[in-house]
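Novice: Just so it is clear, I am handing over work17.txt, which has compact mmCIF, C-alpha atoms and all ligand atoms.
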```
# COMPACT_ATOMS: atom_id res chain seq x y z
CA MET A 177 94.32 134.67 91.68
CA TRP A 178 97.54 133.60 89.93
CA VAL A 179 100.72 135.61 90.45
CA MET A 180 102.74 136.45 87.33
CA THR A 181 106.26 134.97 87.23
CA GLU A 182 109.19 135.33 84.87
CA PHE A 183 109.03 132.81 82.02
CA GLU A 184 111.79 130.21 81.85
CA LYS A 185 112.66 128.78 78.49
CA LEU A 186 112.79 124.99 78.11
CA SER A 187 115.00 123.39 75.54
CA VAL A 188 115.47 119.68 74.95
CA GLU A 189 118.29 118.84 72.58
CA ASP A 190 119.06 115.54 70.86
CA LEU A 191 117.74 113.43 73.69
CA VAL A 192 118.60 109.75 73.58
CA PHE A 193 117.25 107.27 76.11
CA TYR A 194 117.27 103.49 76.40
CA TYR A 195 117.09 100.89 79.12
CA GLU A 196 119.01 98.37 76.98
CA GLU A 197 121.35 99.81 74.39
CA SER A 198 119.83 97.48 71.78
CA THR A 199 116.39 99.11 72.21
CA TYR A 200 116.26 102.86 71.89
CA ILE A 201 113.17 104.43 73.50
CA LEU A 202 114.00 108.00 72.44
CA ASP A 203 116.27 108.67 69.50
CA LYS A 204 117.49 112.27 69.22
CA VAL A 205 114.34 113.98 70.38
CA GLY A 206 114.29 117.77 70.42
CA LEU A 207 111.70 120.15 71.80
CA SER A 208 111.72 123.78 72.75
CA MET A 209 109.40 126.18 74.46
CA ASP A 210 110.38 129.82 74.37
CA ARG A 211 107.11 131.47 75.32
CA PRO A 212 104.21 130.66 77.66
CA GLU A 213 102.16 128.02 75.87
CA ILE A 214 100.62 124.57 76.08
CA ILE A 215 102.47 121.90 74.13
CA GLY A 216 100.51 118.71 73.62
CA ILE A 217 102.49 115.48 73.30
CA ILE A 218 100.50 112.88 71.45
CA GLY A 219 101.32 109.45 70.07
CA PRO A 220 100.46 105.77 70.35
CA ASN A 221 100.92 103.68 73.50
CA GLY A 222 104.57 102.88 74.05
CA SER A 223 105.87 105.64 71.77
CA GLY A 224 108.00 107.20 74.53
CA LYS A 225 105.84 110.10 75.74
CA THR A 226 106.14 109.33 79.46
CA THR A 227 109.84 108.56 79.05
CA LEU A 228 110.35 111.99 77.48
CA ILE A 229 108.55 113.78 80.32
CA LYS A 230 110.49 111.77 82.93
CA CYS A 231 113.78 112.74 81.25
CA ILE A 232 112.77 116.41 81.27
CA ASN A 233 111.94 116.16 84.97
CA ASN A 234 115.29 114.52 85.80
CA ILE A 235 113.60 111.31 86.98
CA LEU A 236 115.34 109.40 84.18
CA THR A 237 118.84 110.31 83.07
CA PRO A 238 119.25 110.66 79.31
CA LYS A 239 122.07 108.70 77.71
CA GLN A 240 122.81 111.62 75.35
CA GLY A 241 121.55 115.14 74.80
CA LYS A 242 120.65 117.83 77.27
CA ILE A 243 117.78 119.59 78.91
CA MET A 244 118.16 123.30 79.56
CA LEU A 245 116.03 125.69 81.56
CA ASN A 246 117.02 129.17 80.50
CA GLU A 247 120.78 128.83 80.34
CA SER A 248 121.12 126.08 82.98
CA ASP A 249 121.48 122.38 82.38
CA ILE A 250 119.09 120.58 84.74
CA LYS A 251 121.82 118.01 85.42
CA SER A 252 123.63 120.68 87.42
CA MET A 253 120.57 121.68 89.48
CA SER A 254 119.66 120.45 92.95
CA MET A 255 116.39 118.52 93.34
CA ASN A 256 114.92 121.53 95.12
CA ASP A 257 115.86 123.85 92.27
CA VAL A 258 114.29 121.47 89.76
CA ALA A 259 111.13 121.27 91.90
CA LYS A 260 110.84 125.07 91.96
CA ARG A 261 110.87 125.09 88.18
CA LEU A 262 109.17 121.89 87.06
CA ALA A 263 105.93 120.49 88.46
CA TYR A 264 105.19 116.92 87.42
CA VAL A 265 101.87 115.12 87.54
CA PRO A 266 102.57 111.44 86.84
CA GLN A 267 100.43 109.09 84.78
CA ASN A 268 100.25 106.49 87.52
CA THR A 269 100.46 107.29 91.19
CA GLU A 270 101.20 104.74 93.79
CA ARG A 271 99.06 105.47 96.79
CA ASP A 272 101.74 104.59 99.28
CA MET A 273 102.05 108.03 100.78
CA ASN A 274 101.16 106.85 104.28
CA SER A 275 97.63 108.05 103.69
CA PRO A 276 97.93 111.77 104.23
CA ASN A 277 94.76 113.73 103.70
CA VAL A 278 94.07 115.86 100.64
CA TYR A 279 95.07 119.13 102.34
CA GLU A 280 98.43 117.60 103.32
CA VAL A 281 99.06 116.33 99.79
CA VAL A 282 98.44 119.75 98.24
CA LEU A 283 100.55 121.38 100.98
CA MET A 284 103.47 119.13 99.93
CA GLY A 285 103.58 121.22 96.75
CA ARG A 286 104.82 124.14 98.88
CA LYS A 287 107.86 122.17 100.06
CA PRO A 288 110.41 123.59 97.58
CA HIS A 289 109.49 127.07 98.84
CA THR A 290 109.75 126.42 102.58
CA THR A 291 112.91 126.54 104.61
CA TRP A 292 111.70 125.21 107.90
CA GLN A 293 107.94 125.17 108.47
CA TYR A 294 104.88 125.87 106.37
CA THR A 295 103.51 129.36 106.95
CA GLU A 296 100.06 130.94 106.98
CA SER A 297 100.71 132.12 103.46
CA ASP A 298 101.28 128.49 102.37
CA ASP A 299 97.99 127.59 104.02
CA ARG A 300 96.19 130.39 102.15
CA VAL A 301 97.70 129.35 98.81
CA VAL A 302 96.65 125.73 99.38
CA TRP A 303 93.04 126.63 100.25
CA THR A 304 92.71 128.97 97.27
CA ILE A 305 93.96 126.27 94.90
CA MET A 306 91.80 123.55 96.44
CA LYS A 307 88.74 125.75 95.95
CA GLU A 308 89.73 126.58 92.38
CA MET A 309 90.18 122.88 91.60
CA SER A 310 86.93 121.82 93.33
CA VAL A 311 88.66 119.65 95.92
CA ALA A 312 88.27 121.86 99.02
CA HIS A 313 85.35 119.73 100.22
CA LEU A 314 87.73 116.74 100.20
CA ALA A 315 90.40 118.48 102.32
CA SER A 316 90.19 116.06 105.25
CA HIS A 317 89.64 112.94 103.11
CA ARG A 318 92.38 110.35 103.00
CA PHE A 319 94.35 110.40 99.77
CA ASP A 320 94.01 106.63 99.32
CA GLU A 321 90.23 106.83 99.51
CA LEU A 322 89.65 109.14 96.56
CA SER A 323 88.16 108.25 93.21
CA SER A 324 90.62 108.29 90.29
CA GLY A 325 89.26 111.62 89.03
CA GLN A 326 89.37 113.25 92.48
CA LEU A 327 92.92 111.99 92.89
CA GLN A 328 93.92 113.47 89.54
CA ARG A 329 92.51 116.87 90.54
CA VAL A 330 94.35 116.72 93.88
CA LEU A 331 97.65 115.95 92.13
CA ILE A 332 97.13 118.84 89.71
CA SER A 333 96.38 121.05 92.74
CA ARG A 334 99.68 119.97 94.31
CA ALA A 335 101.49 120.84 91.07
CA ILE A 336 99.87 124.29 91.03
CA ALA A 337 100.86 124.83 94.69
CA GLN A 338 104.46 124.21 93.63
CA GLU A 339 104.34 127.47 91.61
CA ALA A 340 106.67 126.02 89.02
CA LYS A 341 107.66 127.59 85.71
CA ILE A 342 106.78 124.57 83.61
CA PHE A 343 104.08 121.98 84.22
CA LEU A 344 104.69 118.45 83.00
CA LEU A 345 101.37 116.65 82.97
CA ASP A 346 101.08 113.01 81.96
CA GLU A 347 97.49 112.40 80.79
CA PRO A 348 95.96 114.80 83.33
CA THR A 349 92.43 114.30 82.02
CA SER A 350 92.40 110.53 81.56
CA ASN A 351 90.28 109.78 84.63
CA LEU A 352 88.08 112.85 84.55
CA ASP A 353 84.44 113.09 83.58
CA VAL A 354 83.65 115.31 80.60
CA LYS A 355 82.91 118.38 82.71
CA TYR A 356 86.19 118.17 84.61
CA GLN A 357 88.17 117.38 81.44
CA ILE A 358 87.17 120.77 80.11
CA GLU A 359 87.55 122.49 83.50
CA VAL A 360 91.04 121.14 84.07
CA MET A 361 92.17 122.10 80.58
CA GLU A 362 90.69 125.57 81.05
CA THR A 363 92.49 125.91 84.39
CA ILE A 364 95.78 124.93 82.78
CA ARG A 365 95.16 127.43 79.98
CA ASP A 366 94.40 130.18 82.54
CA ILE A 367 97.53 129.41 84.54
CA VAL A 368 99.71 129.44 81.43
CA LYS A 369 98.32 132.80 80.31
CA GLN A 370 98.10 134.53 83.64
CA LYS A 371 101.23 133.18 85.32
CA ASN A 372 103.46 133.33 82.28
CA VAL A 373 104.40 129.66 82.53
CA GLY A 374 104.52 126.71 80.15
CA ALA A 375 102.84 123.31 80.12
CA CYS A 376 103.74 120.07 78.35
CA ILE A 377 100.73 117.80 78.39
CA ILE A 378 100.61 114.21 77.26
CA ILE A 379 97.11 113.70 76.01
CA HIS A 380 95.32 110.89 74.18
CA ASP A 381 92.14 112.80 73.42
CA LEU A 382 92.92 114.33 70.02
CA ASP A 383 89.93 116.64 70.14
CA LEU A 384 90.96 118.10 73.53
CA ALA A 385 94.51 118.46 72.20
CA TYR A 386 93.28 120.31 69.12
CA ARG A 387 91.12 122.60 71.20
CA PHE A 388 93.52 123.52 74.01
CA CYS A 389 97.10 123.12 72.81
CA ASP A 390 99.01 125.97 71.20
CA ARG A 391 101.42 123.49 69.68
CA VAL A 392 101.43 119.75 69.31
CA VAL A 393 104.21 117.23 68.85
CA MET A 394 103.30 113.84 67.44
CA MET A 395 105.58 111.00 68.53
CA ASN A 396 106.05 107.61 66.98
CA ASP A 397 108.83 105.12 66.58
CA LYS A 398 111.16 106.80 69.16
CA LYS A 399 111.00 110.20 67.49
CA ILE A 400 108.97 113.35 67.14
CA LYS A 401 107.45 112.95 63.69
CA PHE A 402 105.45 116.15 63.42
CA SER A 403 105.52 119.40 65.32
CA GLY A 404 103.45 122.54 64.83
CA THR A 405 100.11 124.11 65.61
CA PRO A 406 97.09 121.78 65.73
CA GLU A 407 95.86 123.32 62.45
CA GLU A 408 99.19 122.60 60.78
CA ILE A 409 99.85 119.06 61.87
CA MET A 410 96.68 117.41 63.17
CA THR A 411 95.57 116.55 59.68
CA PRO A 412 93.75 113.33 58.74
CA GLU A 413 96.90 112.26 56.82
CA ASN A 414 99.21 112.69 59.81
CA ILE A 415 96.72 111.15 62.23
CA GLU A 416 96.45 108.11 59.96
CA GLU A 417 100.23 107.85 59.68
CA ILE A 418 100.74 108.01 63.44
CA PHE A 419 97.73 106.09 64.74
CA GLY A 420 96.52 104.13 61.69
CA VAL A 421 92.96 105.45 61.98
CA LYS A 422 90.80 107.54 59.69
CA SER A 423 89.54 110.90 60.89
CA VAL A 424 87.94 114.10 59.75
CA ILE A 425 88.39 117.62 61.02
CA CYS A 426 84.99 119.27 61.10
CA GLU A 427 83.90 122.72 62.08
CA ILE A 428 81.13 122.96 64.66
CA GLU A 429 79.97 126.37 65.89
CA GLY A 430 83.14 128.01 64.62
CA ASN A 431 85.60 125.54 66.22
CA ASN A 432 87.46 122.67 64.59
CA HIS A 433 86.95 119.19 66.03
CA VAL A 434 88.76 115.92 65.40
CA VAL A 435 86.36 113.07 64.79
CA ILE A 436 87.65 109.52 64.36
CA THR A 437 85.57 107.87 61.67
N1 LIG A 501 111.23 100.34 83.23
C1 LIG A 501 111.24 100.00 81.94
N2 LIG A 501 112.10 99.06 81.47
C2 LIG A 501 112.15 98.72 80.16
N3 LIG A 501 111.35 99.30 79.21
C3 LIG A 501 110.49 100.22 79.62
C4 LIG A 501 110.38 100.64 80.99
N4 LIG A 501 109.44 101.60 81.07
C5 LIG A 501 108.96 101.77 79.83
N5 LIG A 501 109.60 100.96 78.96
C6 LIG A 501 109.35 100.88 77.50
O1 LIG A 501 109.59 102.15 76.93
C7 LIG A 501 108.71 102.37 75.82
C8 LIG A 501 108.06 103.74 75.98
O2 LIG A 501 107.26 103.75 77.16
P1 LIG A 501 106.50 105.04 77.63
O3 LIG A 501 105.92 104.73 78.97
O4 LIG A 501 107.38 106.20 77.51
O5 LIG A 501 105.34 105.11 76.52
P2 LIG A 501 104.11 106.12 76.40
O6 LIG A 501 104.21 106.76 75.06
O7 LIG A 501 104.02 106.98 77.59
O8 LIG A 501 102.88 105.10 76.34
P3 LIG A 501 101.38 105.20 76.97
O9 LIG A 501 100.56 105.97 75.97
O10 LIG A 501 100.94 103.76 77.01
O11 LIG A 501 101.45 105.82 78.33
C9 LIG A 501 107.71 101.20 75.83
O12 LIG A 501 108.08 100.32 74.81
C10 LIG A 501 107.90 100.57 77.19
O13 LIG A 501 107.67 99.21 77.13
MG MG A 502 102.69 107.15 79.15
```
Step by step, read the file and then write its structure as structure tokens.

Specialist:
Amino acid sequence: MWVMTEFEKLSVEDLVFYYEESTYILDKVGLSMDRPEIIGIIGPNGSGKTTLIKCINNILTPKQGKIMLNESDIKSMSMNDVAKRLAYVPQNTERDMNSPNVYEVVLMGRKPHTTWQYTESDDRVVWTIMKEMSVAHLASHRFDELSSGQLQRVLISRAIAQEAKIFLLDEPTSNLDVKYQIEVMETIRDIVKQKNVGACIIIHDLDLAYRFCDRVVMMNDKKIKFSGTPEEIMTPENIEEIFGVKSVICEIEGNNHVVIT
């Protein structure tokens, strides 16, 4: 169902962010994505993962460094241009959206693409995505009456409707049951492959990260400490250094799994 688009390269260079100059939250963080892939961002609570994603999405303004999409600095882009390129699913959503229903929330994702009114084609896109994400039966339900997992799937649907080049997903599976955790990750993997787009996913579940991410960055102490494929960097040594827990990587039915011991 997904339509192929032209890949846009993301590059984050020497990003510095703080609220108070005495307390750096991000200290010269760099990240680049030059092909369609899923990058997992992992690290302890408070290590700056959400701050990094919010800087990339222009919600927070970095104090130093720059964020480029292809050859354009996002600072010089209009909000609409950013929304056509970057789709953001936040970690916490305030349900103060005047209680629209689920259909209306997903339709909002079409906004960067409309000039005046939504069209029949927008309607078709929204229904296809809602079916794909198993939320079509909730179409007329009020947004503020959903369970946390339903809400998360609706927000991911809205991001898909945006048809962006890069998805920025802050813990998209945290409220999902095990079946939907896998389904959502598989959907993201399908979109990345078939639409030629990229995804940066903050994820606490190390096993899901290992299984679905093409590359992983491990953050701690304001910086990216390790970056590479899951096989390269999600080692028991690095996991212990970052999280202070012991783990083993074990092979089950031909796939590697991270088990905290
Ligand atoms: N509005 C704010 N004002 C001051 N400090 C803040 C603000 N928001 C976040 N911080 C601080 O910035 C640091 C990084 O927060 P951030 O939300 O990026 O962490 P995170 O890695 O996403 O953590 P989590 O895994 O808990 O979601 C934390 O120390 C946090 O207390
Ligand atoms: Mg966070």

Novice: Could you give me, as a Markdown table, every segment 218-325 of chain A residue with an atom at most 8 Å from segment 342-360 of chain A, plus its closest atom pair and distance in Å to one decimal, counting only C-alpha atoms, rows ordered by chain then number?

Specialist:
```
| residue | atom | partner | partner_atom | distance |
| --- | --- | --- | --- | --- |
| A:Thr226 | CA | A:Asp346 | CA | 6.7 |
| A:Ile229 | CA | A:Leu344 | CA | 6.6 |
| A:Asn233 | CA | A:Leu344 | CA | 7.9 |
| A:Arg261 | CA | A:Ile342 | CA | 6.2 |
| A:Leu262 | CA | A:Ile342 | CA | 5.0 |
| A:Ala263 | CA | A:Phe343 | CA | 4.9 |
| A:Tyr264 | CA | A:Leu344 | CA | 4.7 |
| A:Val265 | CA | A:Leu345 | CA | 4.8 |
| A:Pro266 | CA | A:Asp346 | CA | 5.3 |
| A:Gln267 | CA | A:Asp346 | CA | 4.9 |
| A:Met309 | CA | A:Val360 | CA | 7.8 |
| A:Ser324 | CA | A:Asn351 | CA | 5.9 |
| A:Gly325 | CA | A:Leu352 | CA | 4.8 |
```

Novice: Grab the residues selected above and save them as a short mmCIF file (atom, residue, chain, number, x, y, z; two decimals), in the coordinates of the input with C-alpha atoms.

Specialist:
```
data_model
loop_
_atom_site.label_atom_id
_atom_site.label_comp_id
_atom_site.auth_asym_id
_atom_site.auth_seq_id
_atom_site.Cartn_x
_atom_site.Cartn_y
_atom_site.Cartn_z
CA THR A 226 106.14 109.33 79.46
CA ILE A 229 108.55 113.78 80.32
CA ASN A 233 111.94 116.16 84.97
CA ARG A 261 110.87 125.09 88.18
CA LEU A 262 109.17 121.89 87.06
CA ALA A 263 105.93 120.49 88.46
CA TYR A 264 105.19 116.92 87.42
CA VAL A 265 101.87 115.12 87.54
CA PRO A 266 102.57 111.44 86.84
CA GLN A 267 100.43 109.09 84.78
CA MET A 309 90.18 122.88 91.60
CA SER A 324 90.62 108.29 90.29
CA GLY A 325 89.26 111.62 89.03
#
```

Novice: Using all atoms listed in the file, find each residue with an atom at most 12 Å away from ligand LIG 501 (chain A) and format the answer as an MDAnalysis selection string.

Specialist: chainID A and resid 193:203 217:231 235:236 266:268 345:348 350 377:381 394:400 419

Novice: Interatomic distance between atom CA of Glu213 of chain A and atom CA of Gly374 of chain A?

Specialist: 5.1 Å

Novice: Tell me, in Å to one decimal, how far atom CA of Leu314 of chain A is from atom CA of Val301 of chain A.

Specialist: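 A separation of 16.1 Å between them.
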
Novice: Could you tell me how far atom CA of Ser187 of chain A sits from atom CA of Asp210 of chain A, in Å to one decimal place?

Specialist: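 Computing it gives 8.0 Å between the two atoms.
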
Novice: Which residue gives the smallest distance to Lys371 of chain A among A:Leu384, A:Ile243, A:Met180, A:Ala337, with all atoms listed in the file counted?

Specialist: A:Met180

Novice: Residues near Arg211 of chain A, anyone? I mean within 10 Å using all atoms listed in the file, not counting same-chain ones fewer than 6 positions away, as a VMD selection string.

Specialist: chain A and resid 183 to 186 368 372 to 374
